[in-house]
$ cat run.cif   # mmCIF, C-alpha atoms
data_coords
loop_
_atom_site.group_PDB
_atom_site.id
_atom_site.type_symbol
_atom_site.label_atom_id
_atom_site.label_comp_id
_atom_site.auth_asym_id
_atom_site.auth_seq_id
_atom_site.Cartn_x
_atom_site.Cartn_y
_atom_site.Cartn_z
ATOM 1 C CA MET W 16 -2.079 -149.370 -165.788
ATOM 2 C CA THR W 17 -3.430 -149.092 -162.351
ATOM 3 C CA LYS W 18 -6.933 -148.879 -161.053
ATOM 4 C CA VAL W 19 -6.537 -145.165 -160.484
ATOM 5 C CA ASP W 20 -5.571 -144.615 -164.087
ATOM 6 C CA LYS W 21 -8.595 -146.622 -165.327
ATOM 7 C CA GLY W 22 -10.956 -144.639 -163.067
ATOM 8 C CA TYR W 23 -9.380 -141.371 -164.129
ATOM 9 C CA LYS W 24 -9.633 -142.272 -167.818
ATOM 10 C CA ALA W 25 -13.243 -143.370 -167.344
ATOM 11 C CA LYS W 26 -14.068 -140.011 -165.717
ATOM 12 C CA ILE W 27 -12.421 -138.135 -168.579
ATOM 13 C CA VAL W 28 -14.275 -140.215 -171.205
ATOM 14 C CA PHE W 29 -17.543 -139.768 -169.320
ATOM 15 C CA GLY W 30 -16.876 -136.015 -169.041
ATOM 16 C CA ILE W 31 -16.149 -135.730 -172.766
ATOM 17 C CA ILE W 32 -19.290 -137.699 -173.660
ATOM 18 C CA PHE W 33 -21.331 -135.558 -171.246
ATOM 19 C CA ILE W 34 -19.975 -132.331 -172.776
ATOM 20 C CA PHE W 35 -20.646 -133.688 -176.286
ATOM 21 C CA VAL W 36 -24.253 -134.577 -175.392
ATOM 22 C CA LEU W 37 -24.652 -131.184 -173.746
ATOM 23 C CA LEU W 38 -23.379 -129.384 -176.865
ATOM 24 C CA ILE W 39 -25.624 -131.433 -179.159
ATOM 25 C CA SER W 40 -28.583 -130.627 -176.896
ATOM 26 C CA PHE W 41 -27.686 -126.936 -176.977
ATOM 27 C CA ILE W 42 -27.532 -127.004 -180.791
ATOM 28 C CA GLY W 43 -30.924 -128.767 -180.936
ATOM 29 C CA ILE W 44 -32.504 -126.264 -178.561
ATOM 30 C CA THR W 45 -31.047 -123.363 -180.553
ATOM 31 C CA ALA W 46 -32.406 -124.835 -183.798
ATOM 32 C CA TYR W 47 -35.850 -125.310 -182.237
ATOM 33 C CA ASN W 48 -35.734 -121.764 -180.895
ATOM 34 C CA SER W 49 -34.876 -120.453 -184.370
ATOM 35 C CA LYS W 50 -37.800 -122.378 -185.870
ATOM 36 C CA ILE W 51 -40.208 -120.964 -183.290
ATOM 37 C CA GLN W 52 -38.858 -117.432 -183.818
ATOM 38 C CA TYR W 53 -39.361 -117.803 -187.575
ATOM 39 C CA GLU W 54 -42.977 -118.866 -187.022
ATOM 40 C CA ILE W 55 -43.520 -115.907 -184.685
ATOM 41 C CA ASN W 56 -42.076 -113.503 -187.263
ATOM 42 C CA THR W 57 -44.280 -115.025 -189.969
ATOM 43 C CA MET W 58 -47.367 -114.620 -187.775
ATOM 44 C CA ASN W 59 -46.407 -111.038 -186.889
ATOM 45 C CA ALA W 60 -46.095 -110.239 -190.599
ATOM 46 C CA ALA W 61 -49.536 -111.740 -191.222
ATOM 47 C CA ILE W 62 -50.978 -109.728 -188.327
ATOM 48 C CA SER W 63 -49.452 -106.527 -189.708
ATOM 49 C CA GLU W 64 -50.942 -107.246 -193.127
ATOM 50 C CA GLU W 65 -54.379 -107.874 -191.606
ATOM 51 C CA GLN W 66 -54.129 -104.666 -189.564
ATOM 52 C CA ARG W 67 -53.342 -102.702 -192.727
ATOM 53 C CA GLU W 68 -56.355 -104.275 -194.415
ATOM 54 C CA VAL W 69 -58.577 -103.392 -191.442
ATOM 55 C CA GLN W 70 -57.354 -99.793 -191.552
ATOM 56 C CA ASP W 71 -58.037 -99.669 -195.285
ATOM 57 C CA LEU W 72 -61.557 -101.020 -194.763
ATOM 58 C CA GLN W 73 -62.198 -98.521 -191.959
ATOM 59 C CA LEU W 74 -61.098 -95.723 -194.270
ATOM 60 C CA GLN W 75 -63.423 -97.014 -196.990
ATOM 61 C CA ILE W 76 -66.288 -97.087 -194.468
ATOM 62 C CA LYS W 77 -65.584 -93.501 -193.425
ATOM 63 C CA ARG W 78 -65.492 -92.393 -197.055
ATOM 64 C CA ALA W 79 -68.704 -94.250 -197.881
ATOM 65 C CA ALA W 80 -70.473 -92.896 -194.783
ATOM 66 C CA ASN W 81 -69.564 -89.307 -195.643
ATOM 67 C CA ILE W 82 -72.794 -87.306 -195.885
ATOM 68 C CA THR W 83 -71.768 -85.818 -199.220
ATOM 69 C CA ASN W 84 -71.237 -89.282 -200.710
ATOM 70 C CA LEU W 85 -74.516 -90.521 -199.254
ATOM 71 C CA GLU W 86 -76.380 -87.544 -200.650
ATOM 72 C CA SER W 87 -74.890 -87.909 -204.136
ATOM 73 C CA ARG W 88 -75.652 -91.640 -204.125
ATOM 74 C CA ALA W 89 -79.231 -90.912 -203.066
ATOM 75 C CA PHE W 90 -79.617 -88.494 -205.982
ATOM 76 C CA GLU W 91 -78.206 -91.147 -208.343
ATOM 77 C CA LEU W 92 -80.912 -93.517 -207.122
ATOM 78 C CA GLY W 93 -83.614 -90.919 -207.825
ATOM 79 C CA LEU W 94 -84.282 -89.763 -204.274
ATOM 80 C CA VAL W 95 -85.201 -86.122 -203.744
ATOM 81 C CA TYR W 96 -85.667 -83.877 -200.748
ATOM 82 C CA PRO W 97 -89.249 -83.930 -199.417
ATOM 83 C CA GLU W 98 -91.474 -80.992 -200.026
ATOM 84 C CA PHE W 99 -92.101 -78.712 -197.077
ATOM 85 C CA ASP W 100 -95.622 -80.001 -196.457
ATOM 86 C CA ARG W 101 -94.337 -83.616 -196.357
ATOM 87 C CA ILE W 102 -91.811 -83.058 -193.550
ATOM 88 C CA VAL W 103 -92.728 -84.661 -190.212
ATOM 89 C CA TYR W 104 -91.279 -83.259 -187.009
ATOM 90 C CA LEU W 105 -90.890 -85.462 -183.945
ATOM 91 C CA HIS W 106 -91.532 -84.028 -180.522
ATOM 92 C CA PRO W 107 -89.355 -84.762 -177.460
ATOM 93 C CA ASP W 108 -92.283 -86.426 -175.680
ATOM 94 C CA ALA W 109 -92.689 -88.910 -178.561
ATOM 95 C CA ASP W 110 -90.566 -91.545 -176.821
ATOM 96 C CA ASN W 111 -93.603 -93.151 -175.175
ATOM 97 C CA ILE W 112 -95.335 -94.012 -178.468
ATOM 98 C CA GLU W 113 -95.978 -97.745 -178.632
ATOM 99 C CA ASP W 114 -96.017 -98.180 -182.400
ATOM 100 C CA PHE W 115 -93.651 -95.509 -183.640
ATOM 101 C CA ALA W 116 -93.829 -96.579 -187.300
ATOM 102 C CA LEU W 117 -97.633 -96.366 -187.285
ATOM 103 C CA ALA W 118 -97.560 -92.942 -185.602
ATOM 104 C CA LEU W 119 -95.026 -91.686 -188.135
ATOM 105 C CA LYS W 120 -97.111 -93.024 -191.029
ATOM 106 C CA GLU W 121 -100.291 -91.411 -189.685
ATOM 107 C CA SER W 122 -98.554 -88.088 -189.160
ATOM 108 C CA ALA W 123 -97.065 -88.182 -192.668
ATOM 109 C CA TYR W 124 -100.343 -88.952 -194.442
ATOM 110 C CA ASN W 125 -102.691 -86.831 -192.331
#
$ encode --input "run.cif" --output "structure tokens"
Amino acid sequence: MTKVDKGYKAKIVFGIIFIFVLLISFIGITAYNSKIQYEINTMNAAISEEQREVQDLQLQIKRAANITNLESRAFELGLVYPEFDRIVYLHPDADNIEDFALALKESAYN
């Protein structure tokens, strides 16, 4: 064996080792990428579930805030419409009243 053959064999061995390390690195990166993608998919599923729950809650709020539901619930609690002489009308110039609650109370009981 000559020096050229030893150098050539060393280059081939080094090349094979380099390719092997490169392939192992590629497999590791692919595995890590798969793990990250799985976590992303899991989080996306959780987000979708939370969004469905939010939509369901918004629908429940809309149903509960429906004037018909509010009125029937008020009647269940014993509330009734006020008599005509107990109705208080607010005027457009009433926005400058300092104590609005007091003014409303006085107008209701006077």
$ atom_distance --input "run.cif" --atom1 "CA of Ile82 in chain W" --atom2 "CA of Gln70 in chain W"
20.3 Å
$ axis_aligned_box --input "run.cif" --around "range 72-75 of chain W" --padding-each-side "3 Å" --output "JSON"
{"center_x": -62.3, "center_y": -98.4, "center_z": -194.5, "size_x": 8.3, "size_y": 11.3, "size_z": 11.0}
$ atom_distance --input "run.cif" --atom1 "CA of Tyr96 in chain W" --atom2 "CA of Arg78 in chain W"
22.2 Å
$ atom_distance --input "run.cif" --atom1 "CA of Asn84 in chain W" --atom2 "CA of Asp100 in chain W"
26.4 Å
$ closest_residue --input "run.cif" --among "W:Leu119, W:Leu92, W:Leu72, W:Ile62" --to "Tyr104 in chain W" --atoms "only C-alpha atoms"
W:Leu119
